[in-house]
>>> print(open('target-v7.cif').read())   # mmCIF, C-alpha atoms and all ligand atoms
data_model
#
loop_
_atom_site.label_atom_id
_atom_site.label_comp_id
_atom_site.auth_asym_id
_atom_site.auth_seq_id
_atom_site.Cartn_x
_atom_site.Cartn_y
_atom_site.Cartn_z
CA MET V 211 -77.47 -56.45 36.46
CA SER V 212 -80.55 -55.24 38.16
CA GLN V 213 -82.73 -55.16 35.07
CA ILE V 214 -86.24 -54.50 36.35
CA SER V 215 -88.20 -54.48 33.09
CA LYS V 216 -87.41 -54.92 29.38
CA HIS V 217 -85.89 -51.44 29.02
CA VAL V 218 -85.12 -50.41 32.60
CA TYR V 219 -82.06 -50.91 34.81
CA ARG V 220 -82.04 -49.71 38.39
CA PHE V 221 -79.22 -48.54 40.62
CA PHE V 222 -80.44 -48.49 44.20
CA ILE V 223 -78.87 -46.35 46.91
CA GLU V 224 -79.72 -47.56 50.37
CA GLU V 225 -79.23 -45.34 53.38
CA ALA V 226 -78.68 -46.05 57.03
CA ILE V 227 -81.61 -44.92 59.15
CA GLU V 228 -79.26 -42.93 61.39
CA GLY V 229 -77.68 -41.30 58.36
CA PHE V 230 -79.83 -39.75 55.66
CA GLY V 231 -82.51 -42.43 55.86
CA LEU V 232 -85.17 -40.01 56.95
CA MET V 233 -84.43 -37.67 54.06
CA HIS V 234 -84.86 -40.37 51.45
CA ALA V 235 -87.31 -42.79 53.01
CA GLY V 236 -86.87 -46.25 51.54
CA GLY V 237 -83.68 -45.37 49.65
CA THR V 238 -83.14 -43.75 46.26
CA ASN V 239 -83.62 -45.19 42.76
CA ILE V 240 -81.55 -44.09 39.77
CA TYR V 241 -82.71 -45.51 36.43
CA PHE V 242 -81.04 -46.22 33.12
CA VAL V 243 -83.59 -46.70 30.33
CA GLY V 244 -83.10 -48.10 26.83
CA ASP V 245 -80.77 -50.81 25.58
CA PRO V 246 -77.17 -50.98 26.86
CA ALA V 247 -76.11 -52.32 23.43
CA GLU V 248 -77.55 -49.23 21.68
CA ASP V 249 -78.14 -46.17 23.78
CA MET V 250 -79.81 -45.16 27.00
CA VAL V 251 -81.07 -42.23 29.04
CA LEU V 252 -80.41 -41.68 32.74
CA VAL V 253 -83.28 -40.58 35.02
CA ASP V 254 -82.03 -38.34 37.87
CA THR V 255 -78.53 -37.96 39.29
CA GLY V 256 -78.95 -38.27 43.07
CA GLU V 257 -77.34 -36.27 45.85
CA HIS V 258 -74.11 -34.37 45.40
CA TYR V 259 -72.14 -36.92 47.40
CA ARG V 260 -68.95 -38.43 46.05
CA ASP V 261 -70.12 -41.95 47.06
CA TRP V 262 -73.38 -41.60 45.20
CA THR V 263 -71.87 -40.27 41.97
CA GLN V 264 -69.11 -42.86 42.02
CA GLY V 265 -71.68 -45.59 42.63
CA ILE V 266 -73.72 -44.44 39.63
CA LEU V 267 -70.58 -44.30 37.46
CA LYS V 268 -69.52 -47.78 38.54
CA TYR V 269 -72.96 -49.12 37.69
CA TYR V 270 -72.75 -47.36 34.33
CA GLU V 271 -69.46 -49.18 33.66
CA GLN V 272 -71.11 -52.48 34.55
CA LEU V 273 -73.71 -51.71 31.90
CA GLY V 274 -70.80 -51.47 29.44
CA SER V 275 -70.55 -47.67 29.43
CA PRO V 276 -73.25 -47.32 26.75
CA LYS V 277 -73.87 -44.12 24.86
CA VAL V 278 -76.16 -41.96 26.99
CA SER V 279 -78.17 -39.62 24.78
CA ALA V 280 -79.56 -37.51 27.65
CA ILE V 281 -79.84 -37.15 31.40
CA LEU V 282 -83.50 -36.59 32.29
CA ILE V 283 -84.31 -34.73 35.51
CA THR V 284 -87.62 -35.29 37.34
CA HIS V 285 -87.34 -32.06 39.39
CA GLY V 286 -84.90 -29.65 40.95
CA HIS V 287 -84.59 -30.94 44.52
CA GLY V 288 -80.99 -31.52 45.61
CA ASP V 289 -81.30 -35.29 45.78
CA HIS V 290 -82.29 -35.44 42.09
CA ILE V 291 -79.80 -33.07 40.45
CA GLY V 292 -76.83 -33.32 42.83
CA GLY V 293 -74.48 -35.40 40.69
CA SER V 294 -75.53 -33.81 37.40
CA ASP V 295 -72.28 -31.88 36.82
CA ARG V 296 -69.95 -34.86 37.11
CA LEU V 297 -72.31 -37.32 35.39
CA GLN V 298 -72.86 -34.90 32.50
CA GLU V 299 -69.11 -34.65 32.06
CA ALA V 300 -68.66 -38.42 32.16
CA MET V 301 -71.54 -39.12 29.76
CA ASN V 302 -71.06 -36.04 27.60
CA CYS V 303 -74.75 -35.53 26.86
CA PRO V 304 -77.43 -32.87 27.37
CA VAL V 305 -79.21 -32.57 30.71
CA ARG V 306 -82.93 -32.18 30.10
CA CYS V 307 -85.52 -30.70 32.45
CA HIS V 308 -88.78 -28.82 32.92
CA PRO V 309 -88.60 -25.21 31.59
CA SER V 310 -89.01 -23.81 35.14
CA LEU V 311 -85.88 -25.61 36.27
CA ALA V 312 -83.74 -24.70 33.24
CA PRO V 313 -82.40 -21.31 34.48
CA ARG V 314 -81.05 -22.85 37.69
CA LEU V 315 -79.50 -25.84 35.91
CA GLU V 316 -77.99 -23.54 33.28
CA LYS V 317 -76.23 -21.68 36.08
CA MET V 318 -74.90 -24.96 37.47
CA LEU V 319 -73.96 -26.66 34.21
CA GLY V 320 -73.75 -24.04 31.47
CA SER V 321 -76.48 -23.04 29.03
CA ASP V 322 -75.04 -25.12 26.16
CA VAL V 323 -75.68 -28.31 28.12
CA VAL V 324 -79.26 -27.82 29.35
CA GLU V 325 -82.28 -28.55 27.13
CA LYS V 326 -85.90 -27.98 28.12
CA PHE V 327 -88.61 -30.60 27.71
CA ARG V 328 -91.68 -29.71 25.71
CA SER V 329 -94.94 -30.77 27.36
CA ARG V 330 -95.85 -34.34 26.29
CA GLU V 331 -92.64 -34.61 24.27
CA LEU V 332 -91.70 -38.13 23.18
CA ILE V 333 -88.07 -38.96 24.01
CA ARG V 334 -86.61 -41.86 22.05
CA THR V 335 -83.91 -44.15 23.38
CA GLY V 336 -82.33 -47.55 22.62
CA GLY V 337 -84.27 -50.76 22.00
CA GLY V 338 -87.21 -48.86 20.53
CA ALA V 339 -88.14 -47.46 23.94
CA THR V 340 -89.89 -44.07 24.19
CA LEU V 341 -90.47 -41.87 27.20
CA ARG V 342 -93.33 -39.37 27.26
CA ALA V 343 -92.46 -36.25 29.32
CA LEU V 344 -95.45 -35.36 31.51
CA PHE V 345 -95.43 -32.04 33.35
CA THR V 346 -96.72 -32.89 36.80
CA PRO V 347 -96.57 -29.91 39.19
CA GLY V 348 -97.63 -30.35 42.80
CA HIS V 349 -94.73 -31.83 44.77
CA GLU V 350 -92.77 -29.07 43.06
CA ILE V 351 -93.62 -26.68 40.21
CA ASP V 352 -90.82 -28.04 37.99
CA HIS V 353 -91.75 -31.72 38.25
CA THR V 354 -91.82 -34.05 35.24
CA CYS V 355 -92.87 -37.72 35.17
CA PHE V 356 -92.03 -40.08 32.29
CA TYR V 357 -94.23 -42.77 30.75
CA LEU V 358 -92.45 -45.68 29.09
CA ALA V 359 -95.22 -47.11 26.90
CA GLN V 360 -93.38 -50.26 25.77
CA ASP V 361 -93.02 -51.51 29.38
CA LYS V 362 -96.17 -49.76 30.72
CA VAL V 363 -93.97 -48.12 33.35
CA MET V 364 -94.49 -44.70 34.95
CA PHE V 365 -91.40 -42.99 36.38
CA THR V 366 -92.99 -40.85 39.06
CA GLY V 367 -90.04 -39.02 40.65
CA ASP V 368 -91.30 -37.68 44.00
CA THR V 369 -94.93 -37.33 42.83
CA VAL V 370 -95.72 -40.92 43.82
CA LEU V 371 -93.33 -42.64 46.22
CA GLY V 372 -92.84 -46.32 46.99
CA GLY V 373 -94.09 -46.64 50.52
CA SER V 374 -94.78 -43.19 51.92
CA SER V 375 -96.95 -40.29 50.83
CA SER V 376 -95.31 -37.43 48.98
CA SER V 377 -94.88 -33.94 50.39
CA VAL V 378 -97.01 -31.52 48.39
CA ARG V 379 -96.53 -27.83 47.74
CA ASP V 380 -99.62 -27.17 45.64
CA LEU V 381 -102.39 -29.69 46.20
CA SER V 382 -104.73 -28.50 43.41
CA SER V 383 -101.98 -29.00 40.82
CA TYR V 384 -100.92 -32.20 42.52
CA MET V 385 -104.39 -33.77 42.23
CA ARG V 386 -104.55 -32.83 38.53
CA SER V 387 -101.10 -34.37 38.04
CA LEU V 388 -102.21 -37.62 39.69
CA GLN V 389 -105.26 -37.71 37.40
CA LEU V 390 -102.94 -37.28 34.42
CA LEU V 391 -100.78 -40.21 35.58
CA ALA V 392 -103.93 -42.30 36.09
CA SER V 393 -104.99 -41.66 32.47
CA PHE V 394 -102.12 -43.84 31.20
CA GLN V 395 -102.02 -47.63 31.22
CA VAL V 396 -99.65 -48.16 34.13
CA ASP V 397 -98.54 -51.64 35.14
CA LYS V 398 -95.59 -50.51 37.21
CA VAL V 399 -94.67 -47.37 39.12
CA PHE V 400 -90.94 -46.75 39.41
CA PRO V 401 -90.55 -43.95 42.00
CA ALA V 402 -87.44 -41.94 42.87
CA HIS V 403 -87.57 -43.23 46.45
CA GLY V 404 -88.74 -46.46 48.01
CA LYS V 405 -89.81 -49.76 46.58
CA LEU V 406 -90.93 -50.49 43.03
CA ILE V 407 -94.71 -50.84 42.66
CA GLU V 408 -96.14 -53.74 40.66
CA ASN V 409 -99.84 -52.84 40.50
CA GLY V 410 -99.19 -49.26 39.45
CA ALA V 411 -102.69 -48.22 38.32
CA ASP V 412 -104.25 -49.30 41.65
CA TYR V 413 -101.47 -47.61 43.57
CA ILE V 414 -102.01 -44.25 41.83
CA LYS V 415 -105.77 -44.59 42.35
CA HIS V 416 -105.13 -45.26 46.04
CA TYR V 417 -103.05 -42.05 46.23
CA ILE V 418 -105.96 -40.08 44.71
CA ASP V 419 -108.58 -41.75 46.95
CA HIS V 420 -106.49 -41.15 50.06
CA ARG V 421 -106.22 -37.40 49.42
CA GLN V 422 -109.91 -37.09 48.50
CA GLN V 423 -110.85 -38.95 51.67
CA ARG V 424 -108.69 -36.60 53.73
CA GLU V 425 -110.32 -33.57 52.12
CA LYS V 426 -113.79 -34.89 52.96
CA GLN V 427 -112.76 -35.39 56.60
CA ILE V 428 -111.43 -31.84 56.77
CA VAL V 429 -114.62 -30.39 55.29
CA THR V 430 -116.61 -32.44 57.83
CA ALA V 431 -114.46 -31.09 60.69
CA LEU V 432 -114.99 -27.53 59.42
CA SER V 433 -118.73 -27.99 59.20
CA ALA V 434 -118.70 -29.33 62.77
CA GLY V 435 -117.28 -25.96 63.85
CA HIS V 436 -113.55 -26.70 64.12
CA THR V 437 -111.84 -23.65 62.70
CA GLU V 438 -108.22 -23.99 63.82
CA VAL V 439 -105.60 -26.16 62.17
CA TYR V 440 -104.74 -28.15 65.31
CA ALA V 441 -108.40 -28.62 66.19
CA ILE V 442 -108.90 -30.08 62.71
CA VAL V 443 -105.80 -32.29 63.15
CA ASP V 444 -107.30 -33.66 66.39
CA GLU V 445 -110.55 -34.42 64.60
CA VAL V 446 -109.08 -36.04 61.50
CA TYR V 447 -105.94 -37.85 62.70
CA PRO V 448 -105.52 -40.48 65.41
CA LYS V 449 -105.20 -39.05 68.91
CA ASN V 450 -101.78 -38.88 70.64
CA LEU V 451 -99.66 -38.32 67.53
CA ARG V 452 -95.97 -37.86 68.29
CA THR V 453 -94.88 -34.22 68.05
CA GLY V 454 -93.08 -34.65 64.71
CA LEU V 455 -96.04 -36.45 63.18
CA LYS V 456 -98.43 -33.84 64.53
CA GLU V 457 -96.43 -31.11 62.79
CA ALA V 458 -96.52 -33.10 59.56
CA ALA V 459 -100.27 -33.59 59.97
CA ALA V 460 -100.75 -29.84 60.54
CA ARG V 461 -98.75 -29.08 57.40
CA ASN V 462 -100.90 -31.49 55.47
CA VAL V 463 -104.13 -29.94 56.82
CA ARG V 464 -102.86 -26.46 55.84
CA THR V 465 -102.09 -27.74 52.33
CA HIS V 466 -105.66 -29.03 52.04
CA LEU V 467 -107.13 -25.81 53.47
CA TYR V 468 -105.12 -23.72 51.02
CA LYS V 469 -106.52 -25.80 48.13
CA LEU V 470 -110.06 -25.31 49.47
CA VAL V 471 -109.48 -21.55 49.78
CA VAL V 472 -108.22 -21.36 46.18
CA GLU V 473 -111.28 -23.33 45.05
CA GLY V 474 -113.58 -20.92 46.91
CA VAL V 475 -114.88 -23.58 49.31
CA VAL V 476 -113.24 -22.18 52.45
CA ARG V 477 -112.74 -18.61 53.68
CA GLN V 478 -109.57 -17.70 55.55
CA THR V 479 -109.64 -14.84 58.03
CA GLU V 480 -106.45 -13.29 59.38
CA ALA V 481 -105.72 -13.65 63.06
CA GLU V 482 -106.40 -10.35 64.78
CA TYR V 483 -103.85 -8.49 66.87
CA SER V 484 -104.38 -5.61 69.33
CA LEU V 485 -102.33 -3.88 72.10
CA ILE V 486 -103.27 -4.60 75.68
ZN ZN V 501 -88.43 -33.81 45.74
#
>>> encode(input="target-v7.cif", output="structure tokens")
Amino acid sequence: MSQISKHVYRFFIEEAIEGFGLMHAGGTNIYFVGDPAEDMVLVDTGEHYRDWTQGILKYYEQLGSPKVSAILITHGHGDHIGGSDRLQEAMNCPVRCHPSLAPRLEKMLGSDVVEKFRSRELIRTGGGATLRALFTPGHEIDHTCFYLAQDKVMFTGDTVLGGSSSSVRDLSSYMRSLQLLASFQVDKVFPAHGKLIENGADYIKHYIDHRQQREKQIVTALSAGHTEVYAIVDEVYPKNLRTGLKEAAARNVRTHLYKLVVEGVVRQTEAEYSLI
């Protein structure tokens, strides 16, 4: 069994590059936490593909089909809640999530099945393991991370990924969420996608430093008189980026600029239009 720490078992879903590999860079991790001889919780349910759900169920059988006291959802993206209907049926347990996600899951699964997390709630599972639910908006408003104190493990969902940087919807919230994660003693980061991270505290710090560095570069480009997104991209990123990467860079610059606008550091003026 792929036991990866005292209380954590991992089911890994690899993807062919030509298939969905670009959607889930580095593959997808589904975690069972607790003690298979007592009870466990499941973290995320993957995509709504038959193969994925059957794979998770087969792995669950290999664990001895333990009692699962809850399915915990990190956030509402399709590759995290996809199999929740069939897995909930098989495991006959509540599906738990951030309050913002609850209405949508209730529609999918029925309101008697869905239970909301409370902020900082302690979730108990087998083997004396406890998971602290941490509301961590940024990648998505309904994102929750889980801290397993006994193993010093942080389950980061899509907030911190194993090998690539996360896409961010709201950077101000995201930076606060990273600071929250950094305030725990983290030996290992177990992300929803990509490889497992051994030196978790350093890795989270690197994520924070990287974004702060980027913000400084953008402020420098602005103060040098570059006022357009693509002009800032050219200043801050390596020259000759491929088209796809350039678009991603522009999105990232816009995310930073939006944060700076909200913080009152940058002023945004509308583009002007007039008839010829
Ligand atoms: Zn996501």
>>> residues_near_ligand(input="target-v7.cif", ligand="ligand ZN 501 (chain V)", cutoff="8 Å", atoms="only C-alpha atoms and all ligand atoms", output="list in words")
His285, Gly286, His287, Gly288, Asp289, His290, His349, Glu350, Gly367, Asp368, Thr369 and Ser377 of chain V
>>> residues_near_point(input="target-v7.cif", point="(-104.0, -31.7, 42.6)", cutoff="10 Å", atoms="all atoms listed in the file", output="ChimeraX atom specification")
/V:346-349,378-390,418,421-422,466,469
>>> write_last_selection(input="target-v7.cif", atoms="C-alpha atoms", output="PDB file, in the coordinates of the input")
ATOM      1  CA  THR V 346     -96.720 -32.890  36.800  1.00  0.00           C
ATOM      2  CA  PRO V 347     -96.570 -29.910  39.190  1.00  0.00           C
ATOM      3  CA  GLY V 348     -97.630 -30.350  42.800  1.00  0.00           C
ATOM      4  CA  HIS V 349     -94.730 -31.830  44.770  1.00  0.00           C
ATOM      5  CA  VAL V 378     -97.010 -31.520  48.390  1.00  0.00           C
ATOM      6  CA  ARG V 379     -96.530 -27.830  47.740  1.00  0.00           C
ATOM      7  CA  ASP V 380     -99.620 -27.170  45.640  1.00  0.00           C
ATOM      8  CA  LEU V 381    -102.390 -29.690  46.200  1.00  0.00           C
ATOM      9  CA  SER V 382    -104.730 -28.500  43.410  1.00  0.00           C
ATOM     10  CA  SER V 383    -101.980 -29.000  40.820  1.00  0.00           C
ATOM     11  CA  TYR V 384    -100.920 -32.200  42.520  1.00  0.00           C
ATOM     12  CA  MET V 385    -104.390 -33.770  42.230  1.00  0.00           C
ATOM     13  CA  ARG V 386    -104.550 -32.830  38.530  1.00  0.00           C
ATOM     14  CA  SER V 387    -101.100 -34.370  38.040  1.00  0.00           C
ATOM     15  CA  LEU V 388    -102.210 -37.620  39.690  1.00  0.00           C
ATOM     16  CA  GLN V 389    -105.260 -37.710  37.400  1.00  0.00           C
ATOM     17  CA  LEU V 390    -102.940 -37.280  34.420  1.00  0.00           C
ATOM     18  CA  ILE V 418    -105.960 -40.080  44.710  1.00  0.00           C
ATOM     19  CA  ARG V 421    -106.220 -37.400  49.420  1.00  0.00           C
ATOM     20  CA  GLN V 422    -109.910 -37.090  48.500  1.00  0.00           C
ATOM     21  CA  HIS V 466    -105.660 -29.030  52.040  1.00  0.00           C
ATOM     22  CA  LYS V 469    -106.520 -25.800  48.130  1.00  0.00           C
TER      23      LYS V 469
END
>>> residues_around(input="target-v7.cif", residues="Gln360 (chain V)", least_positions_apart="4", cutoff="10 Å", atoms="all atoms listed in the file", output="PyMOL selection string")
chain V and resi 215-217+337-341
>>> residues_around(input="target-v7.cif", residues="Arg306 (chain V)", least_positions_apart="4", cutoff="10 Å", atoms="all atoms listed in the file", output="PyMOL selection string")
chain V and resi 253-254+280-284+311-312+315+323-327
>>> atom_distance(input="target-v7.cif", atom1="CA of Gly265 (chain V)", atom2="CA of Arg314 (chain V)")
25.1 Å
>>> atom_distance(input="target-v7.cif", atom1="CA of Pro276 (chain V)", atom2="CA of Val396 (chain V)")
27.4 Å
>>> residues_around(input="target-v7.cif", residues="region 439-451 of chain V", least_positions_apart="5", cutoff="7 Å", atoms="only C-alpha atoms", output="list of chain:residue names")
V:Gln427, V:Ile428, V:Ala431, V:Lys456, V:Ala459, V:Ala460, V:Val463, V:Arg464
>>> write_last_selection(input="target-v7.cif", atoms="C-alpha atoms", output="PDB file, in the coordinates of the input")
ATOM      1  CA  GLN V 427    -112.760 -35.390  56.600  1.00  0.00           C
ATOM      2  CA  ILE V 428    -111.430 -31.840  56.770  1.00  0.00           C
ATOM      3  CA  ALA V 431    -114.460 -31.090  60.690  1.00  0.00           C
ATOM      4  CA  LYS V 456     -98.430 -33.840  64.530  1.00  0.00           C
ATOM      5  CA  ALA V 459    -100.270 -33.590  59.970  1.00  0.00           C
ATOM      6  CA  ALA V 460    -100.750 -29.840  60.540  1.00  0.00           C
ATOM      7  CA  VAL V 463    -104.130 -29.940  56.820  1.00  0.00           C
ATOM      8  CA  ARG V 464    -102.860 -26.460  55.840  1.00  0.00           C
TER       9      ARG V 464
END
>>> closest_residue(input="target-v7.cif", among="V:Val251, V:Ile351, V:Leu332, V:Ala343", to="Ser310 (chain V)", atoms="all atoms listed in the file")
V:Ile351
>>> residues_around(input="target-v7.cif", residues="Arg328 (chain V)", least_positions_apart="3", cutoff="10 Å", atoms="all atoms listed in the file", output="list in words")
Cys307, His308, Pro309, Glu325, Glu331, Leu332, Arg342, Ala343, Leu344 and Phe345 of chain V
>>> atom_distance(input="target-v7.cif", atom1="CA of Thr263 (chain V)", atom2="CA of Leu297 (chain V)")
7.2 Å
>>> closest_residue(input="target-v7.cif", among="V:Lys415, V:His436, V:Lys317, V:Arg424", to="Asn462 (chain V)", atoms="only C-alpha atoms")
V:Arg424
>>> closest_residue(input="target-v7.cif", among="V:Met318, V:Asp361, V:Ala235, V:Arg330", to="Glu408 (chain V)", atoms="only C-alpha atoms")
V:Asp361
>>> closest_residue(input="target-v7.cif", among="V:Tyr357, V:Trp262, V:Phe400, V:Phe394", to="Tyr219 (chain V)", atoms="all atoms listed in the file")
V:Phe400
>>> residues_around(input="target-v7.cif", residues="Leu371 (chain V)", least_positions_apart="6", cutoff="7 Å", atoms="only C-alpha atoms", output="number ranges by chain")
V: 401-404
>>> closest_residue(input="target-v7.cif", among="V:Ile333, V:Val305, V:Val243, V:Leu485", to="Phe221 (chain V)", atoms="only C-alpha atoms")
V:Val243
>>> closest_residue(input="target-v7.cif", among="V:Thr437, V:Thr430, V:Thr255, V:Ser375", to="Tyr413 (chain V)", atoms="only C-alpha atoms")
V:Ser375
>>> decode(input="target-v7.cif", residues="region 283-297 of chain V", atoms="N, CA, C and O atoms", output="mmCIF file, in the first residue's frame")
data_model
loop_
_atom_site.group_PDB
_atom_site.id
_atom_site.type_symbol
_atom_site.label_atom_id
_atom_site.label_comp_id
_atom_site.auth_asym_id
_atom_site.auth_seq_id
_atom_site.Cartn_x
_atom_site.Cartn_y
_atom_site.Cartn_z
ATOM 1 N N ILE V 283 -13.698 17.797 0.998
ATOM 2 C CA ILE V 283 -13.454 18.392 -0.316
ATOM 3 C C ILE V 283 -12.578 19.643 -0.158
ATOM 4 O O ILE V 283 -12.893 20.507 0.667
ATOM 5 N N THR V 284 -11.492 19.730 -0.934
ATOM 6 C CA THR V 284 -10.629 20.922 -0.833
ATOM 7 C C THR V 284 -11.267 22.137 -1.504
ATOM 8 O O THR V 284 -11.173 23.241 -1.001
ATOM 9 N N HIS V 285 -11.915 21.927 -2.681
ATOM 10 C CA HIS V 285 -12.621 23.026 -3.353
ATOM 11 C C HIS V 285 -13.451 22.483 -4.503
ATOM 12 O O HIS V 285 -13.333 21.308 -4.865
ATOM 13 N N GLY V 286 -14.261 23.351 -5.095
ATOM 14 C CA GLY V 286 -15.304 22.883 -5.990
ATOM 15 C C GLY V 286 -14.942 22.709 -7.453
ATOM 16 O O GLY V 286 -15.843 22.572 -8.283
ATOM 17 N N HIS V 287 -13.665 22.701 -7.807
ATOM 18 C CA HIS V 287 -13.317 22.454 -9.209
ATOM 19 C C HIS V 287 -13.623 20.998 -9.568
ATOM 20 O O HIS V 287 -13.521 20.108 -8.727
ATOM 21 N N GLY V 288 -13.960 20.798 -10.856
ATOM 22 C CA GLY V 288 -14.462 19.502 -11.317
ATOM 23 C C GLY V 288 -13.550 18.328 -11.030
ATOM 24 O O GLY V 288 -14.023 17.212 -10.820
ATOM 25 N N ASP V 289 -12.241 18.577 -10.993
ATOM 26 C CA ASP V 289 -11.310 17.465 -10.779
ATOM 27 C C ASP V 289 -11.116 17.159 -9.289
ATOM 28 O O ASP V 289 -10.253 16.362 -8.936
ATOM 29 N N HIS V 290 -11.928 17.783 -8.433
ATOM 30 C CA HIS V 290 -11.852 17.518 -6.992
ATOM 31 C C HIS V 290 -13.162 16.968 -6.433
ATOM 32 O O HIS V 290 -13.172 16.357 -5.375
ATOM 33 N N ILE V 291 -14.257 17.208 -7.143
ATOM 34 C CA ILE V 291 -15.576 16.758 -6.660
ATOM 35 C C ILE V 291 -16.245 15.775 -7.618
ATOM 36 O O ILE V 291 -17.342 15.288 -7.347
ATOM 37 N N GLY V 292 -15.568 15.458 -8.741
ATOM 38 C CA GLY V 292 -16.218 14.708 -9.814
ATOM 39 C C GLY V 292 -16.815 13.381 -9.399
ATOM 40 O O GLY V 292 -17.941 13.064 -9.743
ATOM 41 N N GLY V 293 -16.067 12.600 -8.632
ATOM 42 C CA GLY V 293 -16.569 11.266 -8.270
ATOM 43 C C GLY V 293 -17.388 11.245 -6.991
ATOM 44 O O GLY V 293 -17.724 10.175 -6.481
ATOM 45 N N SER V 294 -17.738 12.435 -6.475
ATOM 46 C CA SER V 294 -18.308 12.487 -5.113
ATOM 47 C C SER V 294 -19.645 11.747 -4.998
ATOM 48 O O SER V 294 -19.930 11.156 -3.958
ATOM 49 N N ASP V 295 -20.455 11.742 -6.071
ATOM 50 C CA ASP V 295 -21.755 11.054 -5.957
ATOM 51 C C ASP V 295 -21.574 9.552 -5.750
ATOM 52 O O ASP V 295 -22.116 8.962 -4.817
ATOM 53 N N ARG V 296 -20.753 8.943 -6.612
ATOM 54 C CA ARG V 296 -20.601 7.487 -6.523
ATOM 55 C C ARG V 296 -19.795 7.071 -5.286
ATOM 56 O O ARG V 296 -20.069 6.053 -4.653
ATOM 57 N N LEU V 297 -18.789 7.865 -4.933
ATOM 58 C CA LEU V 297 -17.981 7.514 -3.756
ATOM 59 C C LEU V 297 -18.797 7.696 -2.473
ATOM 60 O O LEU V 297 -18.683 6.895 -1.540
#
